[in-house]
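File shown: data.txt. Contents: compact mmCIF, C-alpha atoms.
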# COMPACT_ATOMS: atom_id res chain seq x y z
CA VAL A 1 2.01 -54.40 35.94
CA VAL A 2 5.43 -53.10 34.93
CA GLU A 3 7.29 -55.55 32.70
CA PRO A 4 10.97 -56.15 33.57
CA ASP A 5 13.33 -54.30 31.23
CA ALA A 6 16.69 -55.47 29.90
CA SER A 7 18.62 -54.18 32.92
CA VAL A 8 16.48 -56.30 35.25
CA TRP A 9 16.98 -59.44 33.16
CA LYS A 10 20.74 -58.77 32.96
CA ALA A 11 20.94 -58.46 36.75
CA LEU A 12 19.01 -61.71 37.12
CA LEU A 13 21.24 -63.48 34.59
CA ALA A 14 24.36 -62.27 36.42
CA ALA A 15 22.91 -63.56 39.69
CA CYS A 16 22.27 -66.93 38.06
CA ARG A 17 25.93 -67.04 37.02
CA LEU A 18 26.91 -66.45 40.63
CA HIS A 19 24.55 -69.10 42.02
CA GLY A 20 24.57 -71.60 39.14
CA ASN A 21 20.81 -71.48 38.57
CA ILE A 22 20.53 -72.79 35.01
CA GLU A 23 16.74 -72.86 34.66
CA THR A 24 16.29 -69.23 35.66
CA ALA A 25 19.33 -68.25 33.58
CA GLU A 26 17.71 -69.74 30.50
CA ARG A 27 14.53 -67.77 31.15
CA ALA A 28 16.44 -64.50 31.65
CA ALA A 29 18.52 -65.12 28.53
CA ARG A 30 15.46 -65.82 26.38
CA ASN A 31 13.97 -62.49 27.40
CA LEU A 32 17.21 -60.69 26.64
CA PHE A 33 17.47 -62.36 23.24
CA GLU A 34 14.13 -60.71 22.40
CA LEU A 35 14.79 -57.34 24.04
CA GLU A 36 18.35 -56.87 22.74
CA PRO A 37 18.73 -59.25 19.78
CA GLN A 38 22.21 -57.97 18.78
CA ASN A 39 23.71 -57.94 22.27
CA ALA A 40 26.35 -60.63 22.75
CA VAL A 41 26.40 -60.40 26.56
CA PRO A 42 23.43 -62.70 27.35
CA TYR A 43 24.78 -65.36 24.96
CA ILE A 44 28.21 -65.20 26.58
CA LEU A 45 26.85 -65.27 30.12
CA LEU A 46 24.56 -68.20 29.35
CA ALA A 47 27.39 -70.10 27.66
CA ASN A 48 29.59 -69.42 30.70
CA ILE A 49 26.88 -70.72 33.02
CA TYR A 50 26.57 -73.90 30.96
CA SER A 51 30.37 -74.32 30.89
CA ALA A 52 30.61 -73.84 34.66
CA ALA A 53 28.07 -76.65 35.05
CA GLY A 54 30.02 -78.90 32.67
CA LYS A 55 27.26 -78.68 30.04
CA TRP A 56 29.67 -78.32 27.14
CA GLN A 57 27.17 -79.21 24.41
CA GLU A 58 24.70 -76.58 25.60
CA ALA A 59 27.49 -74.01 25.83
CA ALA A 60 28.63 -74.84 22.29
CA ARG A 61 25.05 -74.64 21.02
CA THR A 62 24.65 -71.18 22.56
CA ARG A 63 27.84 -69.94 20.91
CA ARG A 64 26.78 -71.42 17.56
CA SER A 65 23.45 -69.62 17.86
CA MET A 66 25.29 -66.35 18.47
CA ARG A 67 27.51 -66.88 15.42
CA SER A 68 24.61 -67.91 13.19
CA LYS A 69 22.92 -64.59 13.96
CA ALA A 70 26.15 -62.70 13.16
CA ILE A 71 26.34 -61.35 16.72
CA ILE A 72 29.89 -60.21 17.39
CA LYS A 73 31.56 -60.68 20.75
CA GLU A 74 33.83 -57.79 21.62
CA PRO A 75 37.34 -59.19 22.25
CA GLY A 76 38.41 -58.77 25.84
CA CYS A 77 41.28 -56.44 26.60
CA SER A 78 42.70 -54.70 29.66
CA TRP A 79 44.86 -51.65 29.91
CA ILE A 80 46.82 -49.66 32.46
CA GLU A 81 48.07 -46.09 32.18
CA MET A 82 51.50 -45.01 33.30
CA GLU A 83 53.14 -41.61 32.75
CA GLY A 84 50.63 -40.69 30.07
CA LYS A 85 51.09 -43.91 28.10
CA VAL A 86 48.47 -46.66 27.76
CA HIS A 87 49.70 -50.25 28.04
CA LYS A 88 47.10 -52.58 26.51
CA PHE A 89 46.87 -56.35 26.91
CA THR A 90 44.78 -59.14 25.42
CA SER A 91 44.70 -62.68 26.78
CA ALA A 92 47.98 -64.53 26.23
CA ASP A 93 49.33 -61.29 24.73
CA LYS A 94 53.06 -61.26 23.93
CA SER A 95 53.26 -57.94 22.10
CA HIS A 96 54.46 -55.82 25.01
CA PRO A 97 58.20 -55.01 24.99
CA ARG A 98 58.48 -56.27 28.58
CA THR A 99 56.67 -59.55 27.90
CA PRO A 100 59.35 -61.83 29.46
CA GLU A 101 59.25 -59.84 32.72
CA ILE A 102 55.45 -59.71 32.73
CA TYR A 103 55.09 -63.46 32.18
CA ALA A 104 57.69 -64.18 34.86
CA LYS A 105 55.72 -61.94 37.23
CA VAL A 106 52.47 -63.77 36.40
CA ASP A 107 54.17 -67.08 37.18
CA GLU A 108 55.36 -65.65 40.51
CA ILE A 109 51.87 -64.32 41.26
CA VAL A 110 50.20 -67.66 40.57
CA LEU A 111 52.74 -69.50 42.72
CA LEU A 112 52.29 -67.15 45.69
CA ILE A 113 48.52 -66.88 45.59
CA ARG A 114 48.18 -70.65 45.27
CA LYS A 115 50.21 -70.98 48.46
CA ALA A 116 47.72 -68.55 50.02
CA GLY A 117 44.77 -70.73 49.03
CA TYR A 118 43.85 -69.68 45.49
CA VAL A 119 42.54 -72.51 43.33
CA PRO A 120 42.11 -71.79 39.59
CA ASN A 121 38.45 -71.99 38.64
CA LYS A 122 38.79 -73.96 35.43
CA ASN A 123 35.12 -73.44 34.63
CA PHE A 124 36.10 -70.00 33.38
CA ALA A 125 38.59 -71.40 30.87
CA LEU A 126 35.48 -72.13 28.78
CA HIS A 127 37.16 -74.78 26.65
CA ASP A 128 36.67 -78.51 26.85
CA THR A 129 40.41 -79.17 27.14
CA ASP A 130 42.59 -80.84 29.74
CA ASP A 131 43.12 -79.25 33.13
CA MET A 132 46.68 -78.09 32.44
CA ASP A 133 45.64 -76.20 29.30
CA LYS A 134 42.77 -74.60 31.21
CA GLU A 135 45.06 -73.41 34.01
CA LEU A 136 47.53 -71.95 31.52
CA ALA A 137 44.72 -70.16 29.68
CA LEU A 138 43.46 -68.67 32.95
CA ALA A 139 46.92 -67.58 34.13
CA TYR A 140 47.44 -65.28 31.17
CA HIS A 141 44.04 -63.57 31.04
CA CYS A 142 44.45 -59.93 30.07
CA GLU A 143 43.60 -58.47 33.49
CA LYS A 144 46.23 -60.66 35.16
CA LEU A 145 48.84 -59.48 32.63
CA ALA A 146 47.88 -55.86 33.31
CA VAL A 147 48.13 -56.31 37.09
CA ALA A 148 51.48 -58.09 36.73
CA PHE A 149 52.76 -55.12 34.75
CA GLY A 150 51.42 -52.78 37.42
CA LEU A 151 53.27 -54.70 40.11
CA LEU A 152 56.47 -54.38 38.09
CA VAL A 153 56.34 -50.65 37.41
CA LEU A 154 54.28 -48.94 40.12
CA PRO A 155 55.67 -48.18 43.59
CA PRO A 156 53.93 -49.96 46.49
CA ARG A 157 52.30 -46.77 47.79
CA LEU A 158 50.26 -46.33 44.59
CA PRO A 159 47.10 -48.27 43.70
CA ILE A 160 47.12 -50.38 40.55
CA ARG A 161 44.37 -49.09 38.26
CA VAL A 162 43.27 -51.47 35.51
CA PHE A 163 40.51 -51.00 32.97
CA LYS A 164 38.73 -53.79 31.11
CA ASN A 165 36.30 -53.39 28.23
CA ILE A 166 34.10 -56.35 29.21
CA ARG A 167 33.06 -58.02 32.46
CA VAL A 168 35.87 -59.47 34.57
CA CYS A 169 35.76 -63.27 34.71
CA GLY A 170 35.12 -65.07 37.98
CA ASP A 171 38.56 -66.63 38.19
CA CYS A 172 40.33 -63.30 37.70
CA HIS A 173 38.05 -61.69 40.27
CA THR A 174 39.08 -64.33 42.81
CA ALA A 175 42.74 -64.01 41.84
CA MET A 176 42.65 -60.23 42.33
CA LYS A 177 41.45 -60.66 45.90
CA PHE A 178 44.37 -62.97 46.65
CA ILE A 179 46.85 -60.66 44.88
CA SER A 180 45.68 -57.69 46.93
CA GLU A 181 46.27 -59.67 50.10
CA VAL A 182 49.55 -61.36 49.22
CA TYR A 183 51.19 -58.23 47.77
CA HIS A 184 49.47 -55.76 50.15
CA ARG A 185 48.27 -53.69 47.22
CA HIS A 186 45.13 -51.75 46.43
CA ILE A 187 43.89 -52.87 43.01
CA ILE A 188 41.17 -50.90 41.26
CA LEU A 189 39.59 -52.72 38.34
CA ARG A 190 37.00 -50.98 36.20
CA ASP A 191 35.17 -53.48 34.01
CA SER A 192 32.13 -52.95 31.79
CA ASN A 193 29.81 -53.29 34.76
CA ARG A 194 31.36 -51.48 37.74
CA PHE A 195 34.42 -50.49 39.76
CA HIS A 196 36.03 -53.21 41.84
CA HIS A 197 38.27 -52.14 44.72
CA PHE A 198 40.41 -55.04 45.92
CA GLN A 199 42.06 -54.63 49.30
CA ASN A 200 43.18 -57.09 51.98
CA GLY A 201 41.69 -60.05 50.13
CA LEU A 202 38.24 -58.51 49.69
CA CYS A 203 36.37 -56.74 46.90
CA SER A 204 34.05 -53.75 47.25
CA CYS A 205 31.40 -55.54 45.18
CA ASN A 206 31.06 -58.30 47.83
CA ASP A 207 31.45 -60.83 45.00
CA TYR A 208 28.33 -59.66 43.19
CA TRP A 209 28.74 -58.06 39.81
As C-alpha cells, what does this structure read like?
Amino acid sequence: VVEPDASVWKALLAACRLHGNIETAERAARNLFELEPQNAVPYILLANIYSAAGKWQEAARTRRSMRSKAIIKEPGCSWIEMEGKVHKFTSADKSHPRTPEIYAKVDEIVLLIRKAGYVPNKNFALHDTDDMDKELALAYHCEKLAVAFGLLVLPPRLPIRVFKNIRVCGDCHTAMKFISEVYHRHIILRDSNRFHHFQNGLCSCNDYW
C-alpha cells in the first residue's frame, strides 16, 4: 500500500477548505504537521477553515501552536510589472506613490462589483472583529491593490498580470471574477499554487485551488 505523501494531504486539506469539512481537514493537517513540521501552510489553512466555520477559539489555538513551534508565516504580498519596474503591495499598503488613486480605485471597484452581486466573504478576514472592520480589511488585500493599480495604468486591450507569493484568499478569488466581468478585463493571477485566468466572471481553476 502506498502511503499518501505531503502533496496528497495538501490537496485534501485545500478541498476541505472549499467544502468546509472540518473533521477531514483536521486529519489532513495532523499528517502534514508530521510530514512537514516547519511548513506554515497547513496551520494557516486549518486556522482559515476554523475561522470560516466561526470556530474562533480553535483558529486561535492553531495559530498559537504555530507560533510556539517558531514556524514563520511568510507575509503575503502581490506585485505587478510595468515597463520593467516592479510595483509591490502588501495588505493595507500605503507606500506606493499613487496610493490615493489606488485606494480610490479600490473603493470604485468594490462599489461596482457589489452592484453586480459580490458579497464580501468576511470569513476570510480571519479576525474576530465587527463586520465593518472585516470588510475594510478585505477591501485592501494586496491582490486587490495590485489589480486596482493595473486598472489605472494598463490599457484595456492588455491583460492584468498579478503575482502573489502565497495562496490567493477565497474572497479575493471571488472578487477577481466579478472584476473581470464588470471591467471586461482579462486578469491573470499567479499565486503559490497555480495560474488563475479570470475572464467574463469565471476562473480557469473552476474554483478549485
For this session: Identify which of the residues A:Thr90, A:Gln199, A:Pro42, A:Asp5 lies closest to Ser65 (chain A), counting all atoms listed in the file when measuring atom-to-atom distances.
Result: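 Nearest to Ser65 (chain A): A:Pro42.
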Exercise. So how far away is CA of Cys142 (chain A) from CA of Leu18 (chain A), in Å?
Worked result: 21.5 Å
For this session: Using only C-alpha atoms, pick whichever of A:Ile187, A:Ile72, A:Ile44, A:Ala139 has the shortest atom-to-atom distance to Ala60 (chain A).
Result: A:Ile44
For this session: For Lys10 (chain A), list every protein, DNA or RNA residue within 10 Å, evaluated using all atoms listed in the file, and leave out those in the same chain fewer than 5 positions away; present the list as a ChimeraX atom specification.
Result: /A:5,15-16,25,28-29,31-32,41-42,45
For this session: Could you give me, as a VMD selection string, the residues that have an atom at most 9 Å away from the point (41.4, -63.1, 44.6) in the coordinates of the file, using only C-alpha atoms?
Result: chain A and resid 113 118 171 to 181 198 201 to 203
Would you put the residues from that selection into a file with C-alpha atoms, as a PDB file, in the frame of the given file?
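Once written, selection_30.pdb looks like this:
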ATOM      1  CA  ILE A 113      48.520 -66.880  45.590  1.00  0.00           C
ATOM      2  CA  TYR A 118      43.850 -69.680  45.490  1.00  0.00           C
ATOM      3  CA  ASP A 171      38.560 -66.630  38.190  1.00  0.00           C
ATOM      4  CA  CYS A 172      40.330 -63.300  37.700  1.00  0.00           C
ATOM      5  CA  HIS A 173      38.050 -61.690  40.270  1.00  0.00           C
ATOM      6  CA  THR A 174      39.080 -64.330  42.810  1.00  0.00           C
ATOM      7  CA  ALA A 175      42.740 -64.010  41.840  1.00  0.00           C
ATOM      8  CA  MET A 176      42.650 -60.230  42.330  1.00  0.00           C
ATOM      9  CA  LYS A 177      41.450 -60.660  45.900  1.00  0.00           C
ATOM     10  CA  PHE A 178      44.370 -62.970  46.650  1.00  0.00           C
ATOM     11  CA  ILE A 179      46.850 -60.660  44.880  1.00  0.00           C
ATOM     12  CA  SER A 180      45.680 -57.690  46.930  1.00  0.00           C
ATOM     13  CA  GLU A 181      46.270 -59.670  50.100  1.00  0.00           C
ATOM     14  CA  PHE A 198      40.410 -55.040  45.920  1.00  0.00           C
ATOM     15  CA  GLY A 201      41.690 -60.050  50.130  1.00  0.00           C
ATOM     16  CA  LEU A 202      38.240 -58.510  49.690  1.00  0.00           C
ATOM     17  CA  CYS A 203      36.370 -56.740  46.900  1.00  0.00           C
TER      18      CYS A 203
END
Exercise. Which is closer to Lys94 (chain A) than all the others in A:Leu145, A:Leu13, A:Ile22, A:Val2, using all atoms listed in the file?
Worked result: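 Ranking A:Leu145, A:Leu13, A:Ile22, A:Val2 by distance to Lys94 (chain A), first place goes to A:Leu145.
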Exercise. Could you state the separation of CA of Val147 (chain A) and CA of Ile160 (chain A) in Å, given to one decimal place?
Worked result: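 Computed distance, CA of Val147 (chain A) to CA of Ile160 (chain A), equals 6.9 Å.
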Problem set entry | Coordinates-based distance that separates CA of Lys73 (chain A) from CA of Leu35 (chain A) (Å, one decimal) | 17.4 Å
Seminar exercise, completed: From the list A:Pro4, A:Gly76, A:Gly84, A:Pro37, the nearest residue to Val168 (chain A) using all atoms listed in the file is A:Gly76
Exercise. Can you tell me, as a list in words, what residues are no more than 10 Å from Asp93 (chain A) when counting all atoms listed in the file, ignoring any on the same chain fewer than 5 positions away?
Worked result: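 Listed by chain and then number, they are Cys77, Lys88, Thr99, Tyr103, Tyr140, His141, Cys142 and Leu145 of chain A.
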Exercise. Of the candidates A:Lys122, A:Met82, A:Glu143, A:Ser204, which one gets nearest to Pro155 (chain A) if we count all atoms listed in the file?
Worked result: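 Ranking A:Lys122, A:Met82, A:Glu143, A:Ser204 by distance to Pro155 (chain A), first place goes to A:Met82.
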Since the input lacks some atoms of region 36-47 of chain A, please model all heavy atoms and print them as a PDB file, keeping the file's coordinate frame.
ATOM      1  N   GLU A  36      17.116 -57.406  23.327  1.00  0.00           N
ATOM      2  CA  GLU A  36      18.350 -56.870  22.740  1.00  0.00           C
ATOM      3  C   GLU A  36      18.961 -57.923  21.818  1.00  0.00           C
ATOM      4  O   GLU A  36      19.966 -58.555  22.137  1.00  0.00           O
ATOM      5  CB  GLU A  36      19.342 -56.482  23.848  1.00  0.00           C
ATOM      6  CG  GLU A  36      18.827 -55.374  24.765  1.00  0.00           C
ATOM      7  CD  GLU A  36      19.849 -54.968  25.817  1.00  0.00           C
ATOM      8  OE1 GLU A  36      20.828 -55.725  26.039  1.00  0.00           O
ATOM      9  OE2 GLU A  36      19.675 -53.901  26.418  1.00  0.00           O
ATOM     10  N   PRO A  37      18.348 -58.127  20.654  1.00  0.00           N
ATOM     11  CA  PRO A  37      18.730 -59.250  19.780  1.00  0.00           C
ATOM     12  C   PRO A  37      20.177 -59.215  19.287  1.00  0.00           C
ATOM     13  O   PRO A  37      20.711 -60.262  18.907  1.00  0.00           O
ATOM     14  CB  PRO A  37      17.741 -59.146  18.616  1.00  0.00           C
ATOM     15  CG  PRO A  37      17.207 -57.760  18.677  1.00  0.00           C
ATOM     16  CD  PRO A  37      17.227 -57.355  20.115  1.00  0.00           C
ATOM     17  N   GLN A  38      20.830 -58.051  19.271  1.00  0.00           N
ATOM     18  CA  GLN A  38      22.210 -57.970  18.780  1.00  0.00           C
ATOM     19  C   GLN A  38      23.241 -57.863  19.905  1.00  0.00           C
ATOM     20  O   GLN A  38      24.421 -57.632  19.637  1.00  0.00           O
ATOM     21  CB  GLN A  38      22.353 -56.778  17.826  1.00  0.00           C
ATOM     22  CG  GLN A  38      21.593 -56.948  16.522  1.00  0.00           C
ATOM     23  CD  GLN A  38      22.020 -58.201  15.768  1.00  0.00           C
ATOM     24  OE1 GLN A  38      23.210 -58.409  15.520  1.00  0.00           O
ATOM     25  NE2 GLN A  38      21.059 -59.045  15.408  1.00  0.00           N
ATOM     26  N   ASN A  39      22.803 -58.034  21.136  1.00  0.00           N
ATOM     27  CA  ASN A  39      23.710 -57.940  22.270  1.00  0.00           C
ATOM     28  C   ASN A  39      24.338 -59.306  22.553  1.00  0.00           C
ATOM     29  O   ASN A  39      23.629 -60.288  22.812  1.00  0.00           O
ATOM     30  CB  ASN A  39      22.956 -57.423  23.496  1.00  0.00           C
ATOM     31  CG  ASN A  39      23.881 -57.113  24.659  1.00  0.00           C
ATOM     32  OD1 ASN A  39      25.080 -57.401  24.632  1.00  0.00           O
ATOM     33  ND2 ASN A  39      23.321 -56.527  25.706  1.00  0.00           N
ATOM     34  N   ALA A  40      25.659 -59.357  22.539  1.00  0.00           N
ATOM     35  CA  ALA A  40      26.350 -60.630  22.750  1.00  0.00           C
ATOM     36  C   ALA A  40      26.395 -61.056  24.211  1.00  0.00           C
ATOM     37  O   ALA A  40      26.578 -62.239  24.512  1.00  0.00           O
ATOM     38  CB  ALA A  40      27.785 -60.539  22.212  1.00  0.00           C
ATOM     39  N   VAL A  41      26.208 -60.111  25.130  1.00  0.00           N
ATOM     40  CA  VAL A  41      26.400 -60.400  26.560  1.00  0.00           C
ATOM     41  C   VAL A  41      25.542 -61.556  27.070  1.00  0.00           C
ATOM     42  O   VAL A  41      26.050 -62.457  27.740  1.00  0.00           O
ATOM     43  CB  VAL A  41      26.182 -59.130  27.408  1.00  0.00           C
ATOM     44  CG1 VAL A  41      26.148 -59.466  28.898  1.00  0.00           C
ATOM     45  CG2 VAL A  41      27.284 -58.124  27.132  1.00  0.00           C
ATOM     46  N   PRO A  42      24.218 -61.578  26.804  1.00  0.00           N
ATOM     47  CA  PRO A  42      23.430 -62.700  27.350  1.00  0.00           C
ATOM     48  C   PRO A  42      23.856 -64.053  26.787  1.00  0.00           C
ATOM     49  O   PRO A  42      23.807 -65.059  27.498  1.00  0.00           O
ATOM     50  CB  PRO A  42      21.987 -62.358  26.946  1.00  0.00           C
ATOM     51  CG  PRO A  42      22.087 -61.333  25.885  1.00  0.00           C
ATOM     52  CD  PRO A  42      23.344 -60.576  26.156  1.00  0.00           C
ATOM     53  N   TYR A  43      24.281 -64.097  25.526  1.00  0.00           N
ATOM     54  CA  TYR A  43      24.780 -65.360  24.960  1.00  0.00           C
ATOM     55  C   TYR A  43      26.045 -65.813  25.686  1.00  0.00           C
ATOM     56  O   TYR A  43      26.197 -66.994  26.026  1.00  0.00           O
ATOM     57  CB  TYR A  43      25.088 -65.184  23.467  1.00  0.00           C
ATOM     58  CG  TYR A  43      23.873 -65.031  22.599  1.00  0.00           C
ATOM     59  CD1 TYR A  43      23.331 -63.776  22.332  1.00  0.00           C
ATOM     60  CD2 TYR A  43      23.250 -66.146  22.028  1.00  0.00           C
ATOM     61  CE1 TYR A  43      22.208 -63.631  21.529  1.00  0.00           C
ATOM     62  CE2 TYR A  43      22.125 -66.004  21.219  1.00  0.00           C
ATOM     63  CZ  TYR A  43      21.611 -64.752  20.972  1.00  0.00           C
ATOM     64  OH  TYR A  43      20.497 -64.604  20.183  1.00  0.00           O
ATOM     65  N   ILE A  44      26.946 -64.861  25.926  1.00  0.00           N
ATOM     66  CA  ILE A  44      28.210 -65.200  26.580  1.00  0.00           C
ATOM     67  C   ILE A  44      27.979 -65.645  28.012  1.00  0.00           C
ATOM     68  O   ILE A  44      28.540 -66.653  28.471  1.00  0.00           O
ATOM     69  CB  ILE A  44      29.163 -63.992  26.527  1.00  0.00           C
ATOM     70  CG1 ILE A  44      29.537 -63.682  25.079  1.00  0.00           C
ATOM     71  CG2 ILE A  44      30.421 -64.245  27.360  1.00  0.00           C
ATOM     72  CD1 ILE A  44      30.161 -62.316  24.888  1.00  0.00           C
ATOM     73  N   LEU A  45      27.129 -64.900  28.734  1.00  0.00           N
ATOM     74  CA  LEU A  45      26.850 -65.270  30.120  1.00  0.00           C
ATOM     75  C   LEU A  45      26.190 -66.638  30.217  1.00  0.00           C
ATOM     76  O   LEU A  45      26.550 -67.458  31.070  1.00  0.00           O
ATOM     77  CB  LEU A  45      25.966 -64.216  30.780  1.00  0.00           C
ATOM     78  CG  LEU A  45      26.636 -62.901  31.194  1.00  0.00           C
ATOM     79  CD1 LEU A  45      25.605 -61.932  31.745  1.00  0.00           C
ATOM     80  CD2 LEU A  45      27.721 -63.155  32.235  1.00  0.00           C
ATOM     81  N   LEU A  46      25.227 -66.897  29.321  1.00  0.00           N
ATOM     82  CA  LEU A  46      24.560 -68.200  29.350  1.00  0.00           C
ATOM     83  C   LEU A  46      25.536 -69.314  29.009  1.00  0.00           C
ATOM     84  O   LEU A  46      25.538 -70.373  29.659  1.00  0.00           O
ATOM     85  CB  LEU A  46      23.368 -68.201  28.383  1.00  0.00           C
ATOM     86  CG  LEU A  46      22.535 -69.491  28.365  1.00  0.00           C
ATOM     87  CD1 LEU A  46      21.930 -69.770  29.747  1.00  0.00           C
ATOM     88  CD2 LEU A  46      21.418 -69.392  27.316  1.00  0.00           C
ATOM     89  N   ALA A  47      26.383 -69.087  28.005  1.00  0.00           N
ATOM     90  CA  ALA A  47      27.390 -70.100  27.660  1.00  0.00           C
ATOM     91  C   ALA A  47      28.336 -70.338  28.823  1.00  0.00           C
ATOM     92  O   ALA A  47      28.725 -71.480  29.101  1.00  0.00           O
ATOM     93  CB  ALA A  47      28.167 -69.655  26.414  1.00  0.00           C
TER      94      ALA A  47
END
